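Shown next: upload.txt, containing compact mmCIF, C-alpha atoms.
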# COMPACT_ATOMS: atom_id res chain seq x y z
CA MET O 107 -61.29 -50.26 -126.11
CA PRO O 108 -60.42 -46.96 -127.61
CA PHE O 109 -61.10 -43.71 -125.85
CA GLY O 110 -60.02 -40.15 -126.02
CA ARG O 111 -60.77 -37.84 -128.88
CA THR O 112 -61.86 -40.48 -131.37
CA ALA O 113 -62.12 -44.20 -131.98
CA SER O 114 -59.41 -46.50 -133.16
CA ALA O 115 -60.06 -47.40 -136.78
CA ARG O 116 -59.54 -50.01 -139.44
CA PRO O 117 -59.47 -49.47 -143.23
CA LEU O 118 -63.13 -49.48 -144.17
CA THR O 119 -65.29 -48.27 -147.01
CA THR O 120 -66.72 -44.78 -147.14
CA LEU O 121 -70.41 -44.79 -146.28
CA GLY O 122 -71.37 -41.35 -147.55
CA ALA O 123 -74.06 -42.90 -149.73
CA LEU O 124 -75.96 -43.86 -146.60
CA GLY O 125 -76.33 -40.21 -145.66
CA VAL O 126 -75.70 -41.14 -142.04
CA VAL O 127 -72.01 -41.53 -141.23
CA THR O 128 -68.58 -41.79 -142.73
CA ALA O 129 -66.59 -44.94 -142.07
CA LEU O 130 -63.05 -44.61 -140.83
CA ALA O 131 -60.04 -46.56 -141.98
CA LEU O 132 -57.02 -47.98 -140.18
CA THR O 133 -53.44 -46.84 -140.53
CA GLY O 134 -50.81 -45.76 -138.04
CA CYS O 135 -47.44 -44.14 -137.54
CA ALA O 136 -42.64 -44.24 -137.49
CA ASN O 137 -38.46 -45.21 -140.09
CA SER O 138 -39.08 -45.38 -143.83
CA SER O 139 -37.28 -48.19 -145.59
CA THR O 140 -38.65 -48.17 -149.13
CA SER O 141 -37.05 -46.59 -152.13
CA ALA O 142 -38.77 -43.64 -153.79
CA SER O 143 -40.58 -45.89 -156.23
CA ASP O 144 -44.15 -44.91 -157.10
CA ASP O 145 -45.42 -48.41 -156.44
CA ALA O 146 -44.22 -50.15 -153.30
CA SER O 147 -46.64 -53.05 -153.63
CA SER O 148 -45.42 -54.14 -157.05
CA SER O 149 -42.09 -55.20 -155.59
CA GLY O 150 -43.40 -56.39 -152.25
CA LYS O 151 -41.73 -53.51 -150.42
CA VAL O 152 -43.27 -51.98 -147.34
CA SER O 153 -42.89 -48.29 -146.53
CA ARG O 154 -42.09 -47.58 -142.89
CA VAL O 155 -42.96 -44.36 -141.11
CA SER O 156 -42.26 -43.55 -137.48
CA VAL O 157 -44.00 -41.03 -135.27
CA THR O 158 -42.14 -40.11 -132.09
CA LEU O 159 -43.79 -38.21 -129.25
CA THR O 160 -41.54 -36.19 -126.95
CA ASN O 161 -41.52 -33.39 -124.42
CA ASP O 162 -38.37 -31.31 -124.20
CA GLY O 163 -40.10 -28.30 -122.73
CA SER O 164 -42.81 -28.53 -125.38
CA ASP O 165 -44.81 -31.44 -126.75
CA LYS O 166 -43.64 -32.55 -130.17
CA CYS O 167 -44.94 -35.09 -132.66
CA ALA O 168 -42.12 -35.94 -135.07
CA VAL O 169 -43.01 -37.79 -138.29
CA SER O 170 -39.97 -39.47 -139.84
CA GLU O 171 -41.26 -39.45 -143.42
CA THR O 172 -43.96 -37.25 -144.91
CA LYS O 173 -44.01 -38.78 -148.41
CA VAL O 174 -44.22 -42.47 -149.28
CA PRO O 175 -45.22 -44.49 -152.36
CA ALA O 176 -48.63 -46.15 -152.55
CA GLY O 177 -48.82 -49.67 -151.21
CA PRO O 178 -48.36 -51.35 -147.84
CA VAL O 179 -47.19 -48.91 -145.17
CA THR O 180 -46.16 -49.96 -141.68
CA PHE O 181 -46.59 -47.24 -139.08
CA THR O 182 -44.87 -47.35 -135.71
CA VAL O 183 -45.71 -44.98 -132.87
CA LYS O 184 -43.50 -44.39 -129.84
CA ASN O 185 -44.21 -42.04 -126.96
CA GLU O 186 -40.86 -41.26 -125.40
CA SER O 187 -41.78 -38.51 -122.96
CA SER O 188 -44.99 -36.61 -123.77
CA THR O 189 -47.84 -36.72 -121.27
CA ALA O 190 -49.99 -34.35 -123.34
CA ILE O 191 -50.12 -36.55 -126.46
CA THR O 192 -51.78 -39.91 -125.96
CA GLU O 193 -52.95 -40.74 -129.48
CA VAL O 194 -51.93 -40.39 -133.12
CA GLU O 195 -54.34 -40.37 -136.05
CA LEU O 196 -54.11 -40.34 -139.84
CA LEU O 197 -56.71 -38.07 -141.44
CA GLN O 198 -57.92 -37.44 -144.96
CA ASP O 199 -60.65 -34.90 -145.70
CA GLN O 200 -61.70 -34.90 -142.03
CA ARG O 201 -62.02 -38.69 -142.06
CA ILE O 202 -60.01 -40.71 -139.57
CA LEU O 203 -58.07 -43.28 -141.54
CA GLY O 204 -56.64 -44.82 -138.41
CA GLU O 205 -55.12 -44.24 -135.01
CA LYS O 206 -53.13 -45.59 -132.13
CA GLU O 207 -54.05 -44.47 -128.65
CA ASN O 208 -53.36 -45.01 -124.95
CA LEU O 209 -49.79 -44.00 -125.78
CA ALA O 210 -48.33 -43.52 -122.33
CA PRO O 211 -44.70 -42.36 -122.10
CA GLY O 212 -42.18 -45.18 -121.94
CA LEU O 213 -44.42 -47.94 -123.30
CA ASP O 214 -43.17 -50.12 -126.12
CA ALA O 215 -43.74 -48.82 -129.62
CA VAL O 216 -46.87 -50.05 -131.39
CA ARG O 217 -47.26 -50.65 -135.10
CA PHE O 218 -49.69 -51.74 -137.77
CA THR O 219 -49.79 -51.99 -141.57
CA ALA O 220 -52.24 -50.57 -144.08
CA THR O 221 -52.33 -50.42 -147.87
CA LEU O 222 -52.68 -46.77 -148.89
CA THR O 223 -53.43 -45.29 -152.28
CA GLY O 224 -52.15 -41.97 -153.60
CA GLY O 225 -53.46 -38.79 -152.00
CA LYS O 226 -53.03 -36.07 -149.42
CA TYR O 227 -53.26 -37.03 -145.73
CA GLN O 228 -52.45 -35.48 -142.37
CA VAL O 229 -50.88 -37.01 -139.27
CA TYR O 230 -52.84 -35.65 -136.31
CA CYS O 231 -51.36 -35.61 -132.79
CA PRO O 232 -53.89 -34.01 -130.40
CA GLY O 233 -52.08 -32.07 -127.70
CA ALA O 234 -48.86 -31.44 -129.65
CA ASP O 235 -47.58 -27.91 -130.24
CA GLN O 236 -48.04 -28.64 -133.94
CA GLU O 237 -50.99 -31.00 -134.09
CA LEU O 238 -51.19 -31.55 -137.86
CA THR O 239 -48.41 -32.71 -140.20
CA ASP O 240 -49.03 -33.04 -143.95
CA PHE O 241 -48.46 -36.57 -145.26
CA THR O 242 -48.47 -37.55 -148.95
CA VAL O 243 -48.89 -40.93 -150.65
CA THR O 244 -47.86 -41.06 -154.32
CA GLY O 245 -48.72 -43.39 -157.17
CA LYS O 246 -51.21 -46.23 -157.10
CA VAL O 247 -51.48 -49.72 -155.67
CA THR O 248 -50.80 -52.68 -157.94
CA SER O 249 -53.14 -55.61 -157.47
CA THR O 250 -51.69 -58.95 -156.33
CA ALA O 251 -55.01 -60.78 -156.51
CA ASN O 252 -53.73 -63.44 -158.92
CA SER O 253 -51.60 -65.20 -156.33
CA SER O 254 -53.17 -68.24 -154.69
CA ALA O 255 -52.33 -66.97 -151.24
CA ALA O 256 -53.92 -63.60 -152.00
CA THR O 257 -57.07 -65.33 -153.23
CA LEU O 258 -57.34 -67.32 -150.02
CA LEU O 259 -56.75 -64.21 -147.94
CA ASP O 260 -59.45 -62.37 -149.85
CA GLU O 261 -61.88 -65.23 -149.24
CA GLY O 262 -61.00 -65.00 -145.56
CA THR O 263 -61.94 -61.33 -145.40
CA LYS O 264 -65.39 -62.13 -146.75
CA GLY O 265 -65.95 -64.81 -144.14
CA TYR O 266 -64.72 -62.53 -141.40
CA ALA O 267 -67.12 -59.80 -142.53
CA GLU O 268 -70.00 -62.22 -141.93
CA TYR O 269 -68.61 -62.97 -138.46
CA VAL O 270 -68.53 -59.26 -137.60
CA ASP O 271 -72.08 -58.78 -138.87
CA GLY O 272 -73.28 -61.63 -136.67
CA GLN O 273 -71.56 -60.28 -133.58
CA VAL O 274 -73.08 -56.84 -133.97
CA THR O 275 -76.54 -58.29 -134.63
CA ASP O 276 -76.28 -60.36 -131.46
CA MET O 277 -75.07 -57.29 -129.55
CA VAL O 278 -78.20 -55.39 -130.55
CA ALA O 279 -80.39 -58.17 -129.14
CA ALA O 280 -78.36 -58.29 -125.91
CA VAL O 281 -78.51 -54.50 -125.45
CA LYS O 282 -82.25 -54.50 -126.06
CA GLN O 283 -82.61 -57.06 -123.26
CA LEU O 284 -80.47 -54.85 -121.03
CA GLN O 285 -82.69 -51.88 -121.77
CA ALA O 286 -85.84 -53.91 -121.10
CA ASP O 287 -84.67 -55.00 -117.65
CA VAL O 288 -83.44 -51.50 -116.84
CA ASP O 289 -86.88 -50.16 -117.77
CA GLU O 290 -88.43 -52.77 -115.48
CA GLY O 291 -86.16 -51.68 -112.65
CA ASP O 292 -84.77 -55.22 -112.26
CA LEU O 293 -81.26 -54.53 -110.96
CA ASP O 294 -80.03 -58.14 -110.72
CA ALA O 295 -81.28 -59.02 -114.21
CA ALA O 296 -79.75 -55.85 -115.65
CA LYS O 297 -76.36 -56.71 -114.13
CA THR O 298 -76.49 -60.12 -115.79
CA ASP O 299 -77.58 -58.54 -119.07
CA TYR O 300 -74.70 -56.10 -118.94
CA ALA O 301 -72.14 -58.88 -118.56
CA ASN O 302 -73.79 -60.87 -121.34
CA ALA O 303 -73.77 -57.94 -123.77
CA ARG O 304 -70.16 -56.86 -123.34
CA PRO O 305 -68.35 -59.67 -125.23
CA PHE O 306 -70.09 -58.92 -128.54
CA TYR O 307 -68.50 -55.48 -128.77
CA GLU O 308 -65.18 -56.72 -127.41
CA HIS O 309 -64.97 -59.42 -130.10
CA VAL O 310 -65.02 -56.90 -132.95
CA GLU O 311 -64.38 -53.45 -131.50
CA SER O 312 -61.25 -52.90 -133.58
CA ASP O 313 -63.35 -53.24 -136.74
CA VAL O 314 -66.48 -51.28 -135.80
CA ASP O 315 -65.10 -48.39 -133.79
CA GLY O 316 -64.42 -46.04 -136.66
CA PHE O 317 -67.68 -44.30 -137.48
CA VAL O 318 -68.49 -40.61 -137.26
CA LYS O 319 -72.05 -39.44 -137.69
CA LYS O 320 -72.80 -37.21 -140.65
CA GLY O 321 -72.26 -33.55 -139.86
CA TYR O 322 -69.52 -34.15 -137.27
CA LYS O 323 -65.79 -33.78 -137.65
CA ALA O 324 -63.68 -36.87 -137.18
CA THR O 325 -62.11 -35.29 -134.10
CA ASP O 326 -65.46 -34.61 -132.38
CA ASN O 327 -66.48 -37.25 -129.85
CA ALA O 328 -70.07 -36.03 -129.96
CA GLY O 329 -70.44 -37.79 -133.32
CA ASN O 330 -68.13 -40.72 -132.73
CA LEU O 331 -70.12 -43.93 -132.33
CA ASP O 332 -67.40 -45.81 -130.48
CA TYR O 333 -67.10 -43.02 -127.96
CA LEU O 334 -70.87 -42.84 -127.51
CA ILE O 335 -71.13 -46.62 -127.08
CA ASP O 336 -67.99 -47.41 -125.13
CA MET O 337 -66.47 -44.36 -123.42
CA ARG O 338 -64.84 -44.89 -120.03
CA ALA O 339 -64.82 -42.59 -117.02
CA SER O 340 -61.03 -42.34 -117.22
CA ASN O 341 -61.20 -40.63 -120.61
CA LEU O 342 -64.47 -38.78 -120.38
CA ASP O 343 -64.86 -35.80 -122.71
CA ASP O 344 -66.56 -33.21 -120.51
CA ALA O 345 -67.79 -31.31 -123.56
CA VAL O 346 -69.75 -34.37 -124.70
CA GLY O 347 -70.86 -35.92 -121.42
CA TRP O 348 -71.20 -39.58 -120.62
CA SER O 349 -73.32 -42.28 -122.20
CA GLY O 350 -72.94 -45.87 -123.34
CA PHE O 351 -72.10 -49.17 -121.69
CA HIS O 352 -69.95 -47.85 -118.88
CA ALA O 353 -72.36 -45.14 -117.79
CA VAL O 354 -74.95 -47.89 -117.33
CA GLU O 355 -72.32 -50.02 -115.60
CA LYS O 356 -71.62 -47.31 -113.03
CA ASP O 357 -75.28 -46.98 -112.10
CA LEU O 358 -75.83 -50.72 -111.84
CA PHE O 359 -72.67 -51.72 -109.99
CA GLN O 360 -71.42 -48.67 -108.09
CA ALA O 361 -74.64 -46.85 -107.27
CA GLY O 362 -76.61 -50.09 -107.19
CA ALA O 363 -79.69 -48.30 -108.43
CA ILE O 364 -81.69 -47.80 -111.60
CA THR O 365 -82.77 -44.20 -112.07
CA ASP O 366 -84.48 -42.24 -114.84
CA THR O 367 -81.00 -41.30 -116.03
CA THR O 368 -80.06 -44.99 -116.24
CA LYS O 369 -83.12 -45.66 -118.36
CA LYS O 370 -82.29 -42.76 -120.67
CA THR O 371 -78.70 -43.93 -121.04
CA ALA O 372 -79.76 -47.51 -121.79
CA ALA O 373 -82.17 -46.26 -124.44
CA GLU O 374 -79.44 -44.15 -126.07
CA LEU O 375 -77.13 -47.16 -126.04
CA THR O 376 -79.76 -49.21 -127.88
CA THR O 377 -80.16 -46.46 -130.49
CA ASN O 378 -76.43 -46.25 -131.10
CA VAL O 379 -75.81 -50.00 -131.41
CA GLN O 380 -78.76 -50.23 -133.80
CA LEU O 381 -77.18 -47.54 -135.95
CA LEU O 382 -73.90 -49.43 -135.84
CA ALA O 383 -75.69 -52.59 -136.97
CA LYS O 384 -76.99 -50.76 -140.05
CA LEU O 385 -73.51 -49.67 -141.03
CA VAL O 386 -71.44 -52.78 -140.42
CA PRO O 387 -72.79 -54.83 -143.38
CA THR O 388 -71.46 -52.17 -145.76
CA LEU O 389 -67.84 -52.66 -144.71
CA ASP O 390 -65.14 -54.13 -146.92
CA TYR O 391 -61.93 -55.53 -145.44
CA LYS O 392 -58.42 -56.10 -146.67
CA PRO O 393 -56.33 -58.92 -145.19
CA GLU O 394 -54.14 -56.44 -143.31
CA ASP O 395 -57.27 -54.97 -141.72
CA LEU O 396 -57.92 -58.30 -140.03
CA ALA O 397 -54.29 -58.56 -138.94
CA ASN O 398 -54.23 -54.99 -137.62
CA GLY O 399 -57.54 -55.55 -135.85
CA ALA O 400 -56.26 -58.68 -134.13
CA ALA O 401 -53.16 -56.83 -132.95
CA GLY O 402 -55.32 -53.94 -131.76
CA LEU O 403 -57.49 -56.23 -129.68
CA LEU O 404 -54.44 -57.61 -127.88
CA GLU O 405 -53.19 -54.08 -127.27
CA GLU O 406 -56.56 -53.42 -125.63
CA VAL O 407 -55.94 -56.40 -123.34
CA GLN O 408 -52.61 -55.01 -122.20
CA SER O 409 -53.62 -51.35 -121.85
CA ASN O 410 -57.16 -51.53 -120.40
CA LYS O 411 -58.26 -55.01 -119.38
CA ILE O 412 -55.34 -56.26 -117.29
CA THR O 413 -55.18 -52.94 -115.46
CA GLY O 414 -58.85 -53.15 -114.48
CA GLU O 415 -59.55 -49.79 -116.10
CA GLU O 416 -62.14 -51.12 -118.53
CA GLU O 417 -64.74 -52.48 -116.13
CA ALA O 418 -64.03 -50.19 -113.19
CA TYR O 419 -67.38 -50.84 -111.46
CA SER O 420 -68.44 -54.38 -112.43
CA HIS O 421 -64.89 -55.85 -112.42
CA ILE O 422 -65.76 -58.24 -115.25
CA ASP O 423 -62.51 -57.37 -117.03
CA LEU O 424 -61.70 -61.06 -117.63
CA VAL O 425 -64.93 -61.34 -119.64
CA ASP O 426 -63.74 -58.53 -121.90
CA LEU O 427 -60.18 -59.84 -121.98
CA ALA O 428 -61.27 -63.29 -123.10
CA ALA O 429 -63.53 -61.70 -125.73
CA ASN O 430 -60.66 -59.62 -127.10
CA VAL O 431 -58.52 -62.75 -127.40
CA GLU O 432 -61.38 -64.63 -129.07
CA GLY O 433 -61.96 -61.80 -131.54
CA ALA O 434 -58.28 -61.77 -132.43
CA ARG O 435 -58.34 -65.55 -132.83
CA GLN O 436 -61.26 -65.33 -135.25
CA ALA O 437 -59.45 -62.76 -137.40
CA PHE O 438 -56.41 -65.03 -137.49
CA ALA O 439 -58.54 -68.09 -138.29
CA TYR O 440 -60.00 -66.42 -141.38
CA LEU O 441 -56.50 -65.49 -142.58
CA LYS O 442 -54.97 -68.84 -141.72
CA PRO O 443 -55.48 -70.69 -145.06
CA GLY O 444 -53.73 -67.95 -147.01
CA LEU O 445 -51.14 -67.32 -144.33
CA THR O 446 -50.23 -71.00 -144.27
CA LYS O 447 -49.20 -70.70 -147.92
CA LEU O 448 -47.21 -67.55 -147.22
CA ASP O 449 -45.43 -68.55 -144.03
CA PRO O 450 -46.31 -71.88 -142.43
CA THR O 451 -43.78 -71.38 -139.63
CA LEU O 452 -45.28 -68.07 -138.53
CA THR O 453 -48.77 -69.56 -138.82
CA LYS O 454 -47.82 -72.39 -136.47
CA GLN O 455 -46.22 -69.99 -134.00
CA ILE O 456 -49.33 -67.83 -133.80
CA ALA O 457 -51.65 -70.83 -133.54
CA LYS O 458 -49.54 -72.29 -130.72
CA GLN O 459 -49.67 -69.07 -128.73
CA PHE O 460 -53.43 -68.74 -129.22
CA ASP O 461 -53.82 -72.25 -127.83
CA ALA O 462 -51.65 -71.38 -124.84
CA THR O 463 -53.56 -68.15 -124.18
CA ASN O 464 -56.93 -69.88 -124.40
CA ALA O 465 -55.74 -72.61 -122.04
CA LEU O 466 -54.63 -69.97 -119.54
CA MET O 467 -57.96 -68.15 -119.73
CA ASP O 468 -59.83 -71.41 -119.15
CA ASP O 469 -58.36 -71.41 -115.64
CA TYR O 470 -60.44 -68.33 -114.85
CA ARG O 471 -63.78 -69.62 -116.06
CA ASN O 472 -66.42 -69.55 -113.33
CA ALA O 473 -70.07 -70.25 -114.06
CA ASP O 474 -71.09 -68.66 -110.77
CA ASP O 475 -69.69 -65.22 -111.63
CA LEU O 476 -71.11 -62.68 -114.09
CA GLY O 477 -70.11 -63.38 -117.67
CA GLY O 478 -68.71 -66.80 -116.79
CA PHE O 479 -65.29 -65.65 -115.53
CA ASP O 480 -63.78 -64.87 -112.15
CA THR O 481 -64.23 -61.34 -110.89
CA TRP O 482 -61.11 -59.27 -111.56
CA ASP O 483 -60.82 -58.01 -108.01
CA ALA O 484 -57.75 -56.44 -106.43
CA ALA O 485 -56.42 -59.72 -105.06
CA THR O 486 -56.77 -61.64 -108.32
CA LYS O 487 -55.27 -58.77 -110.28
CA ALA O 488 -52.29 -58.53 -107.92
CA SER O 489 -51.55 -62.24 -108.10
CA ASP O 490 -52.33 -62.99 -111.75
CA ALA O 491 -51.99 -59.85 -113.89
CA ASN O 492 -48.34 -60.43 -114.70
CA THR O 493 -48.90 -64.04 -115.75
CA ILE O 494 -51.69 -63.10 -118.15
CA SER O 495 -49.78 -60.13 -119.50
CA GLN O 496 -46.71 -62.24 -120.25
CA GLN O 497 -48.76 -64.83 -122.13
CA VAL O 498 -50.58 -62.19 -124.15
CA GLN O 499 -47.22 -60.64 -125.01
CA ALA O 500 -45.99 -64.03 -126.20
CA LEU O 501 -48.95 -64.04 -128.56
CA GLN O 502 -48.54 -60.43 -129.60
CA ASP O 503 -44.94 -60.89 -130.70
CA PRO O 504 -45.58 -63.24 -133.66
CA LEU O 505 -48.99 -61.71 -134.36
CA SER O 506 -47.42 -58.27 -134.85
CA ARG O 507 -45.64 -59.63 -137.95
CA LEU O 508 -48.86 -60.75 -139.57
CA ALA O 509 -50.04 -57.49 -141.17
CA GLU O 510 -46.91 -56.94 -143.25
CA LYS O 511 -46.96 -60.58 -144.30
CA VAL O 512 -50.50 -60.53 -145.67
CA ALA O 513 -50.28 -57.00 -147.10
CA THR O 514 -47.48 -58.08 -149.45
CA ALA O 515 -49.02 -61.41 -150.49
Rewrite the structure from the file as structure tokens, please.
Amino acid sequence: MPFGRTASARPLTTLGALGVVTALALTGCANSSTSASDDASSSGKVSRVSVTLTNDGSDKCAVSETKVPAGPVTFTVKNESSTAITEVELLQDQRILGEKENLAPGLDAVRFTATLTGGKYQVYCPGADQELTDFTVTGKVTSTANSSAATLLDEGTKGYAEYVDGQVTDMVAAVKQLQADVDEGDLDAAKTDYANARPFYEHVESDVDGFVKKGYKATDNAGNLDYLIDMRASNLDDAVGWSGFHAVEKDLFQAGAITDTTKKTAAELTTNVQLLAKLVPTLDYKPEDLANGAAGLLEEVQSNKITGEEEAYSHIDLVDLAANVEGARQAFAYLKPGLTKLDPTLTKQIAKQFDATNALMDDYRNADDLGGFDTWDAATKASDANTISQQVQALQDPLSRLAEKVATA
């Protein structure tokens, strides 16, 4: 899951009317291939923008294009050599419209697609010598809602929205049970509760991790709900402190004790997931949001779950990993009817790789371990990490083409 300065985001609606938070939207960042037309979507063209992170004595964030026409935009981010810059965000009026993070030097480039309307934006690269680069989108987006494929894709987004709502509602109930057993001082029950609660967030984290509380800047973790719910020790913001799932995890599994601090942290976690549950039903999705979210979940698998970084104390990383894959599969399933009309070959390729990934994960199911999967201990990780990573990559490859496909339907 996302960590660092802010949460990873997906294109969402603005929730200013709630008077509580602002929703964030997804975009990303690198090579422009469209003409200078004011309407890329009308011709099915996709603008391409690359952001390249380097260190040649100073940390630079180079944006290949700073002006594109409205419509689908594919952003690609590549960290060639900077250790100071680990994330890239697109901002508008202090709102995060999207980001890519965990951008270690030398890793493969990552990309996603979003449909942007005309306006002034900024590409934000925390840690760069020049952190903000002005970015302009011109013109307006032309609707393609009359196509049969587009209609099916739109119906899919509505069904997926209900799925997300249900996952977050169930997460609230699971976290409340965790808090109750923490308050009772029941360590064994709380450990089980923790493992049971984690999948709900992991199913949908790429869609619900983009909220900033009212009164906070988008770059301030103190108001970022994803950070407050799901921060990890490896990316702790000392100015904010630690709370959320993994702070509870550390007490339960490393310290093996429930303290007054544990109880306070569990209570804060309940408050924050309840707030999230109030916001999620207001979200609207575009088809590319689902595609980008699915790709983001698989990136989480590769960057945090397989490495064991996510569940550093409980070692239930396979629980989270399987939940990320399942969440991505659900997003794909809701797009599948429309995608089948657009590109049946690609649809079959993705479905085949989901089947293969699920079959592989079934080998690690274990009813005797927390969360129903084998513990991701050092021995299992050493022997099996490469196998899982290769299969997830085989799924990522065709899935990475999905966002552009549905955005131009």
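Candidate residues O:Leu209, O:Ser495, O:Thr221, O:Ser253 were compared for distance to Asn398 (chain O), and the nearest is O:Thr221, using only C-alpha atoms.
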message: So that I can check the surroundings of Ala255 (chain O), please list as a PyMOL selection string every protein, DNA and RNA residue that reaches within 7 Å of it, counting all atoms listed in the file and ignoring chain neighbours fewer than 3 positions away.
response: chain O and resi 258-259+444+447-448+515
- request: Give as number ranges by chain each residue that has an atom at most 7 Å from (-68.6, -52.8, -112.2) in the file, counting all atoms listed in the file.
  value: O: 355-356, 359-360, 417-422
task: One decimal, Å: what's the distance from CA of Val314 (chain O) over to CA of Thr248 (chain O), could you say?
output: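 Pair CA of Val314 (chain O) / CA of Thr248 (chain O) returns 27.2 Å.
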message: Which polymer residues, whether protein, DNA or RNA, lie within 12 Å of the coordinate (-66.1, -45.0, -127.8) when you count only C-alpha atoms? List them as a PyMOL selection string, using the chain letters and numbers from the file.
response: chain O and resi 107-115+307-308+311-312+314-318+326-339+341-343+346+348-353+375+378-379+416
message: Need the shell around region 384-393 of chain O: protein/DNA/RNA residues with any atom at most 8 Å away, counting all atoms listed in the file. Skip same-chain ones fewer than 2 positions apart. Format as a ChimeraX atom specification?
response: /O:117-119,121,259-260,262-264,267,270-271,274,314,380-382,395-397,441,509,512-513
Fill-in result for region 486-497 of chain O, N, CA, C and O atoms as a tab-separated table (two decimals), in the frame of the given file:
chain	number	residue	atom	x	y	z
O	486	THR	N	-57.04	-60.85	-107.11
O	486	THR	CA	-56.77	-61.64	-108.32
O	486	THR	C	-55.85	-60.88	-109.26
O	486	THR	O	-54.93	-61.45	-109.85
O	487	LYS	N	-56.11	-59.59	-109.40
O	487	LYS	CA	-55.27	-58.77	-110.28
O	487	LYS	C	-53.82	-58.75	-109.78
O	487	LYS	O	-52.88	-58.91	-110.56
O	488	ALA	N	-53.64	-58.59	-108.47
O	488	ALA	CA	-52.29	-58.53	-107.92
O	488	ALA	C	-51.52	-59.83	-108.13
O	488	ALA	O	-50.32	-59.83	-108.39
O	489	SER	N	-52.23	-60.95	-108.02
O	489	SER	CA	-51.55	-62.24	-108.10
O	489	SER	C	-51.38	-62.75	-109.53
O	489	SER	O	-50.44	-63.51	-109.81
O	490	ASP	N	-52.27	-62.34	-110.44
O	490	ASP	CA	-52.33	-62.99	-111.75
O	490	ASP	C	-52.09	-62.07	-112.94
O	490	ASP	O	-51.92	-62.56	-114.06
O	491	ALA	N	-52.09	-60.77	-112.74
O	491	ALA	CA	-51.99	-59.85	-113.89
O	491	ALA	C	-50.71	-60.08	-114.68
O	491	ALA	O	-50.73	-60.09	-115.92
O	492	ASN	N	-49.61	-60.28	-114.00
O	492	ASN	CA	-48.34	-60.43	-114.70
O	492	ASN	C	-48.31	-61.71	-115.53
O	492	ASN	O	-47.80	-61.72	-116.66
O	493	THR	N	-48.88	-62.77	-115.01
O	493	THR	CA	-48.90	-64.04	-115.75
O	493	THR	C	-49.69	-63.90	-117.05
O	493	THR	O	-49.25	-64.34	-118.12
O	494	ILE	N	-50.86	-63.28	-116.95
O	494	ILE	CA	-51.69	-63.10	-118.15
O	494	ILE	C	-51.00	-62.18	-119.14
O	494	ILE	O	-50.96	-62.44	-120.35
O	495	SER	N	-50.44	-61.09	-118.62
O	495	SER	CA	-49.78	-60.13	-119.50
O	495	SER	C	-48.62	-60.76	-120.27
O	495	SER	O	-48.45	-60.52	-121.47
O	496	GLN	N	-47.84	-61.59	-119.60
O	496	GLN	CA	-46.71	-62.24	-120.25
O	496	GLN	C	-47.17	-63.19	-121.36
O	496	GLN	O	-46.56	-63.26	-122.43
O	497	GLN	N	-48.27	-63.92	-121.11
O	497	GLN	CA	-48.76	-64.83	-122.13
O	497	GLN	C	-49.33	-64.07	-123.33
O	497	GLN	O	-49.12	-64.45	-124.48
